[in-house]
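Source file: target11.cif; contents: mmCIF, C-alpha atoms and all ligand atoms.
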```cif
data_protein
#
loop_
_atom_site.label_atom_id
_atom_site.label_comp_id
_atom_site.auth_asym_id
_atom_site.auth_seq_id
_atom_site.Cartn_x
_atom_site.Cartn_y
_atom_site.Cartn_z
CA MET A 1 38.15 40.68 49.13
CA ARG A 2 37.26 39.75 52.69
CA LYS A 3 33.71 39.82 53.96
CA LYS A 4 32.31 42.26 56.47
CA ILE A 5 30.45 40.40 59.18
CA VAL A 6 28.18 41.26 62.08
CA ALA A 7 27.50 38.27 64.32
CA GLY A 8 25.22 38.32 67.35
CA ASN A 9 26.32 36.09 70.21
CA TRP A 10 23.18 35.54 72.24
CA LYS A 11 25.02 33.52 74.91
CA MET A 12 22.65 31.79 77.40
CA ASN A 13 19.73 34.07 76.62
CA CYS A 14 16.34 33.67 74.93
CA ASN A 15 13.93 30.78 75.25
CA LEU A 16 12.06 29.47 72.22
CA GLN A 17 9.43 32.18 72.25
CA GLU A 18 11.94 34.97 72.78
CA THR A 19 14.04 33.56 69.94
CA GLU A 20 11.07 33.76 67.62
CA GLU A 21 10.32 37.33 68.68
CA LEU A 22 13.89 38.50 68.30
CA LEU A 23 14.29 36.88 64.89
CA LYS A 24 11.00 38.30 63.67
CA GLY A 25 12.35 41.71 64.66
CA LEU A 26 15.37 41.20 62.40
CA ILE A 27 13.95 39.38 59.39
CA GLY A 28 13.33 41.67 56.44
CA LYS A 29 15.25 44.52 58.08
CA ILE A 30 18.81 43.28 57.74
CA SER A 31 20.27 40.63 55.51
CA SER A 32 23.53 39.42 54.07
CA SER A 33 24.76 40.62 50.70
CA GLU A 34 27.69 39.78 48.48
CA ASP A 35 30.28 41.41 50.73
CA LYS A 36 28.43 41.45 54.04
CA THR A 37 27.23 38.59 56.26
CA ILE A 38 24.73 38.81 59.10
CA ILE A 39 24.83 35.99 61.66
CA VAL A 40 22.86 35.21 64.82
CA SER A 41 23.95 32.69 67.39
CA PRO A 42 21.13 31.44 69.62
CA PRO A 43 21.56 28.65 72.20
CA PHE A 44 21.55 25.05 70.93
CA THR A 45 17.91 24.42 71.83
CA ASN A 46 16.80 27.22 69.51
CA LEU A 47 18.99 26.47 66.50
CA TYR A 48 16.37 24.36 64.75
CA LEU A 49 13.75 27.07 65.02
CA ALA A 50 16.26 29.74 64.06
CA LYS A 51 17.24 27.82 60.92
CA GLN A 52 13.60 27.40 59.95
CA LEU A 53 12.68 31.04 60.52
CA THR A 54 15.74 32.45 58.77
CA ALA A 55 15.60 30.22 55.68
CA ASN A 56 16.08 32.43 52.59
CA THR A 57 16.16 35.63 54.67
CA GLY A 58 19.87 36.38 54.38
CA ILE A 59 20.37 35.84 58.10
CA GLU A 60 22.87 33.10 58.89
CA VAL A 61 22.91 30.97 62.03
CA ALA A 62 25.88 29.99 64.20
CA ALA A 63 26.23 27.63 67.15
CA GLN A 64 28.03 28.90 70.24
CA ASN A 65 30.16 25.81 70.77
CA VAL A 66 30.73 22.27 69.52
CA HIS A 67 32.30 19.13 70.91
CA GLU A 68 35.50 17.84 69.37
CA ALA A 69 34.42 14.18 69.16
CA LYS A 70 32.28 12.68 66.43
CA ASN A 71 29.70 11.15 68.76
CA GLY A 72 29.52 8.94 71.83
CA ALA A 73 29.40 9.08 75.61
CA PHE A 74 29.75 12.83 76.14
CA THR A 75 26.69 13.72 78.17
CA GLY A 76 25.45 17.22 77.49
CA GLU A 77 27.53 17.82 74.38
CA ILE A 78 26.68 18.60 70.74
CA SER A 79 28.55 17.29 67.69
CA THR A 80 29.30 18.72 64.28
CA ALA A 81 27.08 16.01 62.75
CA MET A 82 24.16 17.39 64.76
CA LEU A 83 24.91 20.91 63.56
CA ASN A 84 25.27 19.60 60.01
CA SER A 85 21.86 18.00 60.23
CA LEU A 86 20.39 21.49 60.83
CA SER A 87 22.64 23.07 58.18
CA VAL A 88 24.21 25.34 60.77
CA ALA A 89 27.11 26.81 58.85
CA TYR A 90 29.08 28.67 61.56
CA VAL A 91 30.30 27.95 65.07
CA ILE A 92 31.88 30.20 67.68
CA ILE A 93 34.96 28.52 69.11
CA GLY A 94 37.08 29.67 72.04
CA HIS A 95 34.91 32.47 73.32
CA SER A 96 36.58 33.94 76.41
CA GLU A 97 33.71 32.65 78.56
CA ARG A 98 34.41 29.11 77.31
CA ARG A 99 38.08 29.64 78.05
CA ALA A 100 37.66 31.22 81.49
CA ILE A 101 34.55 29.55 82.93
CA PHE A 102 34.78 26.15 81.26
CA GLY A 103 38.56 25.87 81.19
CA GLU A 104 38.89 25.38 77.42
CA LYS A 105 42.53 25.58 76.42
CA ASP A 106 44.04 26.24 73.02
CA ASN A 107 44.92 22.58 72.34
CA LEU A 108 41.28 21.62 72.86
CA LEU A 109 40.13 24.59 70.79
CA ALA A 110 42.45 23.49 67.98
CA GLN A 111 40.62 20.14 67.95
CA LYS A 112 37.25 21.90 67.83
CA VAL A 113 38.48 23.99 64.91
CA ASN A 114 39.51 20.79 63.12
CA VAL A 115 36.17 19.04 63.53
CA ALA A 116 34.32 22.16 62.45
CA ILE A 117 36.39 22.56 59.29
CA ASN A 118 36.10 18.86 58.49
CA ALA A 119 32.32 19.24 58.75
CA ASN A 120 32.31 22.34 56.53
CA ILE A 121 31.26 24.57 59.42
CA THR A 122 33.07 27.90 59.54
CA PRO A 123 34.75 28.54 62.89
CA ILE A 124 34.53 32.02 64.37
CA PHE A 125 37.66 31.69 66.47
CA CYS A 126 37.88 34.06 69.44
CA ILE A 127 41.09 35.45 70.88
CA GLY A 128 41.83 38.31 73.25
CA GLU A 129 43.61 39.30 76.41
CA GLU A 130 42.56 39.92 80.00
CA LEU A 131 43.10 43.33 81.58
CA ALA A 132 46.20 42.29 83.52
CA THR A 133 47.86 41.12 80.30
CA ARG A 134 47.16 44.43 78.60
CA LYS A 135 48.46 46.38 81.60
CA GLU A 136 51.71 44.43 81.33
CA ASN A 137 51.74 45.26 77.62
CA LYS A 138 51.79 41.57 76.75
CA HIS A 139 48.61 41.51 74.69
CA PHE A 140 50.44 41.41 71.36
CA ASN A 141 52.30 38.27 72.42
CA LEU A 142 49.19 36.72 73.92
CA VAL A 143 47.11 36.93 70.76
CA ALA A 144 50.10 35.63 68.78
CA GLN A 145 50.24 32.61 71.07
CA GLN A 146 46.48 32.02 70.84
CA LEU A 147 46.64 32.09 67.05
CA LYS A 148 49.64 29.78 66.97
CA ASP A 149 48.13 27.24 69.37
CA GLY A 150 44.55 27.35 68.13
CA LEU A 151 44.80 27.93 64.38
CA PHE A 152 48.27 27.89 62.88
CA HIS A 153 48.34 24.11 62.52
CA LEU A 154 45.81 24.55 59.69
CA SER A 155 46.82 24.24 56.05
CA GLU A 156 46.41 27.32 53.86
CA GLU A 157 43.38 25.74 52.26
CA ASP A 158 41.68 25.12 55.61
CA PHE A 159 42.66 28.47 57.08
CA LYS A 160 40.72 30.22 54.33
CA ASN A 161 37.55 29.02 56.07
CA VAL A 162 38.30 30.70 59.38
CA ILE A 163 36.87 33.92 60.80
CA ILE A 164 38.76 35.53 63.68
CA ALA A 165 37.14 37.55 66.45
CA TYR A 166 39.38 39.71 68.62
CA GLU A 167 37.63 40.29 71.93
CA PRO A 168 39.57 41.92 74.76
CA VAL A 169 38.17 40.22 77.87
CA TRP A 170 38.14 43.51 79.78
CA ALA A 171 35.68 44.94 77.25
CA ILE A 172 33.18 42.06 77.24
CA GLY A 173 29.90 42.89 78.95
CA THR A 174 31.61 45.67 80.90
CA GLY A 175 30.48 48.69 78.91
CA GLU A 176 34.17 49.40 78.41
CA THR A 177 35.08 49.34 74.72
CA ALA A 178 38.50 49.28 73.20
CA SER A 179 38.97 52.60 71.44
CA PRO A 180 38.79 52.37 67.65
CA GLU A 181 42.56 53.05 67.65
CA GLN A 182 43.24 50.24 70.12
CA ALA A 183 41.13 47.88 68.03
CA GLN A 184 42.86 48.90 64.80
CA GLU A 185 46.31 48.53 66.37
CA ILE A 186 45.78 44.94 67.44
CA HIS A 187 43.77 43.95 64.36
CA ALA A 188 46.66 45.16 62.21
CA HIS A 189 49.01 43.12 64.39
CA ILE A 190 46.82 40.03 63.95
CA ARG A 191 46.75 40.54 60.20
CA SER A 192 50.53 40.87 60.10
CA LEU A 193 50.82 37.55 61.96
CA LEU A 194 48.48 35.95 59.41
CA GLU A 195 50.60 37.35 56.63
CA LYS A 196 53.78 35.96 58.15
CA LYS A 197 52.22 32.53 58.48
CA TYR A 198 49.99 32.27 55.40
CA GLY A 199 51.08 35.07 53.07
CA LYS A 200 49.63 38.39 51.95
CA GLU A 201 46.69 37.07 49.97
CA ILE A 202 45.20 34.98 52.78
CA ALA A 203 45.89 37.69 55.37
CA ARG A 204 44.10 40.21 53.19
CA ASN A 205 41.11 37.92 52.74
CA THR A 206 40.58 36.93 56.38
CA SER A 207 37.78 38.66 58.26
CA ILE A 208 38.81 39.88 61.72
CA LEU A 209 35.89 40.95 63.89
CA TYR A 210 36.03 43.11 66.99
CA GLY A 211 33.97 42.18 70.03
CA GLY A 212 33.46 43.78 73.42
CA SER A 213 30.69 46.23 74.29
CA VAL A 214 29.91 47.15 70.69
CA LYS A 215 26.77 49.29 70.76
CA PRO A 216 24.75 51.34 68.28
CA GLU A 217 26.64 54.44 69.50
CA ASN A 218 30.16 53.16 68.86
CA ALA A 219 29.79 50.59 66.07
CA GLN A 220 30.36 52.97 63.19
CA GLU A 221 33.69 54.38 64.37
CA ILE A 222 35.02 50.92 65.25
CA PHE A 223 33.91 49.36 61.95
CA ALA A 224 35.44 52.28 60.05
CA LYS A 225 38.96 51.14 60.95
CA PRO A 226 40.68 49.47 58.00
CA ASP A 227 41.52 46.18 59.71
CA VAL A 228 38.22 45.83 61.58
CA ASP A 229 35.87 43.78 59.42
CA GLY A 230 32.80 43.89 61.62
CA GLY A 231 31.85 42.72 65.07
CA LEU A 232 30.87 39.92 67.41
CA ILE A 233 28.08 41.44 69.43
CA GLY A 234 26.87 40.16 72.80
CA GLY A 235 24.45 42.24 74.86
CA ALA A 236 23.41 44.56 72.04
CA SER A 237 22.46 41.61 69.82
CA LEU A 238 19.54 40.80 72.13
CA LYS A 239 17.62 43.93 71.13
CA ALA A 240 16.47 43.85 67.52
CA ALA A 241 16.66 47.63 67.07
CA ASP A 242 20.21 47.80 68.43
CA PHE A 243 21.43 44.86 66.37
CA ILE A 244 19.89 46.35 63.24
CA THR A 245 21.61 49.69 63.85
CA ILE A 246 24.92 47.92 64.40
CA ALA A 247 24.48 45.82 61.25
CA GLU A 248 23.68 48.98 59.29
CA ALA A 249 26.88 50.59 60.58
CA LEU A 250 28.88 47.98 58.69
P1 LIG B 1 29.34 42.17 74.69
O1 LIG B 1 29.86 40.67 74.41
O2 LIG B 1 29.03 42.77 73.36
O3 LIG B 1 28.13 42.00 75.58
O4 LIG B 1 30.47 42.88 75.39
C1 LIG B 1 30.64 40.36 73.29
C2 LIG B 1 30.94 38.89 73.30
O5 LIG B 1 31.14 38.31 74.39
O6 LIG B 1 31.00 38.24 72.24
#
```

Reformat the file's structure so that it appears as structure tokens.
Ligand code: PGA
Amino acid sequence: MRKKIVAGNWKMNCNLQETEELLKGLIGKISSSEDKTIIVSPPFTNLYLAKQLTANTGIEVAAQNVHEAKNGAFTGEISTAMLNSLSVAYVIIGHSERRAIFGEKDNLLAQKVNVAINANITPIFCIGEELATRKENKHFNLVAQQLKDGLFHLSEEDFKNVIIAYEPVWAIGTGETASPEQAQEIHAHIRSLLEKKYGKEIARNTSILYGGSVKPENAQEIFAKPDVDGGLIGGASLKAADFITIAEAL
């Protein structure tokens, strides 16, 4: 059966010292188990420290991005080989901030997914619509297109290694959360698209996370929905107590 996952996306927050403090606030209080995975995603400069501090603690570490090339003249970029050398096992790909601010399109994201999978790094692939798209009632089509362009080139075998995060852009960092019913509705739609493409078994085993203003107060009712398998948490992952409460709501 699919895993439940709570992943903290720290974004461009926390220097080295703050990373140590935040991790020390989490270690020993929450940890992964057989059917539950806890992930933190600090900035690149703190991944080495995060891997060291979380060794054997049941807290996994993700990168927030990766470059699609193996190596070479790509100033400022980070490769899968570099992540491999730290044993970073997850990477967030296609976060809406990467799409909107850095202009990352689905064809590029598909390449990033490929290099991650080839390097045995699990992609946490983000999809989700902007407010205007939802108002036009086109969000179902939009996520279908994002899945098709970013992921559906994968073989069944490779797709088994993917985690999906549905994050409506209008709910990210805004305090506005999709209602549990809205989340369930689109998660069920996403799962039906996975079933159409890859069959029932794979669809049933794929974790689909919800992201967008998840907080200690709303995590439980969102996670309770049958097709919501946990969350990708931004702001609330920066406070140990809040992240712990959210992880416990899983
Ligand atoms: P938020 O961010 O929880 O601060 O809304 C979620 C995300 O961007 O992954």

*asked:* For region 120-125 of chain A, find every residue with an atom within 6 Å (counting all atoms listed in the file), except residues of its own chain fewer than 5 positions away, and show them as a PyMOL selection string.
replied: chain A and resi 89-94+161-165

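The space separating CA of Leu131 (chain A) from CA of Trp170 (chain A) comes to 5.3 Å.
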
*When distances are computed from only C-alpha atoms, which of A:Ala62, A:Ile38, A:Ala81, A:Leu23 shows the smallest separation from Gly230 (chain A)?*
A:Ile38

*List every protein, DNA or RNA residue that has at least one atom no more than 8 Å from (26.3, 14.7, 60.7) in the file's coordinates, counting all atoms listed in the file, and write the result as a list in words.*
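I get Ser79, Thr80, Ala81, Met82, Leu83, Asn84, Ser85 and Ala119 of chain A for the residues within 8 Å of that point.
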
Please tabulate, as JSON lines, the residues of chain A that come within 8 Å of ligand LIG 1 (chain B), each with its closest pair of atoms and the distance in Å to one decimal, counting all atoms listed in the file and ordering rows by chain, then residue number upward.
```
{"residue": "A:Gly8", "atom": "CA", "partner": "B:LIG1", "partner_atom": "O6", "distance": 7.6}
{"residue": "A:Asn9", "atom": "CA", "partner": "B:LIG1", "partner_atom": "O6", "distance": 5.5}
{"residue": "A:Lys11", "atom": "CA", "partner": "B:LIG1", "partner_atom": "O5", "distance": 7.8}
{"residue": "A:His95", "atom": "CA", "partner": "B:LIG1", "partner_atom": "O5", "distance": 7.0}
{"residue": "A:Ser96", "atom": "CA", "partner": "B:LIG1", "partner_atom": "O5", "distance": 7.3}
{"residue": "A:Glu97", "atom": "CA", "partner": "B:LIG1", "partner_atom": "O5", "distance": 7.5}
{"residue": "A:Glu167", "atom": "CA", "partner": "B:LIG1", "partner_atom": "O6", "distance": 6.9}
{"residue": "A:Ala171", "atom": "CA", "partner": "B:LIG1", "partner_atom": "O4", "distance": 5.9}
{"residue": "A:Ile172", "atom": "CA", "partner": "B:LIG1", "partner_atom": "O4", "distance": 3.4}
{"residue": "A:Gly173", "atom": "CA", "partner": "B:LIG1", "partner_atom": "O4", "distance": 3.6}
{"residue": "A:Thr174", "atom": "CA", "partner": "B:LIG1", "partner_atom": "O4", "distance": 6.3}
{"residue": "A:Gly175", "atom": "CA", "partner": "B:LIG1", "partner_atom": "O4", "distance": 6.8}
{"residue": "A:Thr177", "atom": "CA", "partner": "B:LIG1", "partner_atom": "O4", "distance": 8.0}
{"residue": "A:Gly211", "atom": "CA", "partner": "B:LIG1", "partner_atom": "C1", "distance": 5.0}
{"residue": "A:Gly212", "atom": "CA", "partner": "B:LIG1", "partner_atom": "O4", "distance": 3.7}
{"residue": "A:Ser213", "atom": "CA", "partner": "B:LIG1", "partner_atom": "O4", "distance": 3.5}
{"residue": "A:Val214", "atom": "CA", "partner": "B:LIG1", "partner_atom": "O2", "distance": 5.2}
{"residue": "A:Lys215", "atom": "CA", "partner": "B:LIG1", "partner_atom": "O2", "distance": 7.4}
{"residue": "A:Leu232", "atom": "CA", "partner": "B:LIG1", "partner_atom": "O6", "distance": 5.1}
{"residue": "A:Ile233", "atom": "CA", "partner": "B:LIG1", "partner_atom": "O2", "distance": 4.3}
{"residue": "A:Gly234", "atom": "CA", "partner": "B:LIG1", "partner_atom": "O2", "distance": 3.4}
{"residue": "A:Gly235", "atom": "CA", "partner": "B:LIG1", "partner_atom": "O3", "distance": 3.8}
{"residue": "A:Ala236", "atom": "CA", "partner": "B:LIG1", "partner_atom": "O2", "distance": 6.0}
{"residue": "A:Ser237", "atom": "CA", "partner": "B:LIG1", "partner_atom": "O2", "distance": 7.6}
```

*Å distance separating CA of Gly28 (chain A) from CA of Asn13 (chain A), one decimal place*: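 That distance, rounded to one decimal, is 22.5 Å.
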
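Counting only C-alpha atoms, the residue from A:Val40, A:Ile127, A:Ala144, A:Ala100 that sits nearest to Leu193 (chain A) is A:Ala144.
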
Could you write region 212-223 of chain A as a JSON list (two decimals), in the frame of the given file, with all heavy atoms rebuilt where they are missing?
```json
[["chain", "number", "residue", "atom", "x", "y", "z"],
["A", 212, "GLY", "N", 33.28, 43.23, 72.08],
["A", 212, "GLY", "CA", 33.46, 43.78, 73.42],
["A", 212, "GLY", "C", 32.75, 45.10, 73.53],
["A", 212, "GLY", "O", 33.26, 46.14, 73.12],
["A", 213, "SER", "N", 31.50, 45.03, 74.07],
["A", 213, "SER", "CA", 30.69, 46.23, 74.29],
["A", 213, "SER", "C", 30.47, 47.08, 73.04],
["A", 213, "SER", "O", 30.45, 48.31, 73.10],
["A", 213, "SER", "CB", 31.29, 47.09, 75.41],
["A", 213, "SER", "OG", 31.28, 46.37, 76.63],
["A", 214, "VAL", "N", 30.32, 46.41, 71.90],
["A", 214, "VAL", "CA", 29.91, 47.15, 70.69],
["A", 214, "VAL", "C", 28.44, 47.52, 70.85],
["A", 214, "VAL", "O", 27.62, 46.68, 71.24],
["A", 214, "VAL", "CB", 30.11, 46.32, 69.41],
["A", 214, "VAL", "CG1", 29.60, 47.09, 68.19],
["A", 214, "VAL", "CG2", 31.58, 45.97, 69.23],
["A", 215, "LYS", "N", 28.13, 48.77, 70.59],
["A", 215, "LYS", "CA", 26.77, 49.29, 70.76],
["A", 215, "LYS", "C", 26.41, 50.13, 69.53],
["A", 215, "LYS", "O", 27.29, 50.50, 68.75],
["A", 215, "LYS", "CB", 26.73, 50.23, 71.99],
["A", 215, "LYS", "CG", 27.17, 49.58, 73.28],
["A", 215, "LYS", "CD", 27.11, 50.57, 74.44],
["A", 215, "LYS", "CE", 28.39, 51.37, 74.58],
["A", 215, "LYS", "NZ", 29.33, 50.91, 75.55],
["A", 216, "PRO", "N", 25.13, 50.49, 69.41],
["A", 216, "PRO", "CA", 24.75, 51.34, 68.28],
["A", 216, "PRO", "C", 25.58, 52.63, 68.26],
["A", 216, "PRO", "O", 25.92, 53.14, 67.20],
["A", 216, "PRO", "CB", 23.27, 51.65, 68.54],
["A", 216, "PRO", "CG", 22.79, 50.49, 69.32],
["A", 216, "PRO", "CD", 23.94, 50.05, 70.19],
["A", 217, "GLU", "N", 25.93, 53.15, 69.44],
["A", 217, "GLU", "CA", 26.64, 54.44, 69.50],
["A", 217, "GLU", "C", 28.09, 54.36, 69.05],
["A", 217, "GLU", "O", 28.67, 55.37, 68.65],
["A", 217, "GLU", "CB", 26.63, 55.00, 70.94],
["A", 217, "GLU", "CG", 25.26, 55.20, 71.55],
["A", 217, "GLU", "CD", 24.63, 53.91, 72.06],
["A", 217, "GLU", "OE1", 25.31, 53.17, 72.80],
["A", 217, "GLU", "OE2", 23.47, 53.63, 71.70],
["A", 218, "ASN", "N", 28.72, 53.19, 69.19],
["A", 218, "ASN", "CA", 30.16, 53.16, 68.86],
["A", 218, "ASN", "C", 30.50, 52.29, 67.65],
["A", 218, "ASN", "O", 31.65, 52.24, 67.22],
["A", 218, "ASN", "CB", 30.98, 52.72, 70.08],
["A", 218, "ASN", "CG", 30.59, 51.32, 70.59],
["A", 218, "ASN", "OD1", 30.04, 50.53, 69.83],
["A", 218, "ASN", "ND2", 30.88, 51.03, 71.84],
["A", 219, "ALA", "N", 29.49, 51.57, 67.12],
["A", 219, "ALA", "CA", 29.79, 50.59, 66.07],
["A", 219, "ALA", "C", 30.44, 51.24, 64.85],
["A", 219, "ALA", "O", 31.45, 50.74, 64.33],
["A", 219, "ALA", "CB", 28.50, 49.87, 65.65],
["A", 220, "GLN", "N", 29.90, 52.37, 64.44],
["A", 220, "GLN", "CA", 30.36, 52.97, 63.19],
["A", 220, "GLN", "C", 31.85, 53.32, 63.23],
["A", 220, "GLN", "O", 32.59, 53.02, 62.30],
["A", 220, "GLN", "CB", 29.55, 54.23, 62.90],
["A", 220, "GLN", "CG", 29.60, 54.61, 61.45],
["A", 220, "GLN", "CD", 28.29, 55.25, 61.00],
["A", 220, "GLN", "OE1", 27.56, 55.83, 61.82],
["A", 220, "GLN", "NE2", 27.99, 55.15, 59.73],
["A", 221, "GLU", "N", 32.28, 53.94, 64.35],
["A", 221, "GLU", "CA", 33.69, 54.38, 64.37],
["A", 221, "GLU", "C", 34.63, 53.19, 64.51],
["A", 221, "GLU", "O", 35.75, 53.21, 64.01],
["A", 221, "GLU", "CB", 33.93, 55.43, 65.46],
["A", 221, "GLU", "CG", 33.44, 55.05, 66.82],
["A", 221, "GLU", "CD", 33.86, 56.05, 67.90],
["A", 221, "GLU", "OE1", 34.54, 57.04, 67.57],
["A", 221, "GLU", "OE2", 33.51, 55.82, 69.07],
["A", 222, "ILE", "N", 34.17, 52.12, 65.15],
["A", 222, "ILE", "CA", 35.02, 50.92, 65.25],
["A", 222, "ILE", "C", 35.10, 50.23, 63.89],
["A", 222, "ILE", "O", 36.18, 49.89, 63.41],
["A", 222, "ILE", "CB", 34.47, 49.96, 66.32],
["A", 222, "ILE", "CG1", 34.53, 50.61, 67.71],
["A", 222, "ILE", "CG2", 35.27, 48.64, 66.32],
["A", 222, "ILE", "CD1", 33.85, 49.82, 68.80],
["A", 223, "PHE", "N", 33.95, 50.06, 63.24],
["A", 223, "PHE", "CA", 33.91, 49.36, 61.95],
["A", 223, "PHE", "C", 34.63, 50.16, 60.85],
["A", 223, "PHE", "O", 34.97, 49.61, 59.80],
["A", 223, "PHE", "CB", 32.47, 49.09, 61.50],
["A", 223, "PHE", "CG", 31.70, 48.16, 62.41],
["A", 223, "PHE", "CD1", 30.32, 48.04, 62.28],
["A", 223, "PHE", "CD2", 32.34, 47.38, 63.36],
["A", 223, "PHE", "CE1", 29.59, 47.18, 63.10],
["A", 223, "PHE", "CE2", 31.62, 46.53, 64.20],
["A", 223, "PHE", "CZ", 30.25, 46.43, 64.06]]
```
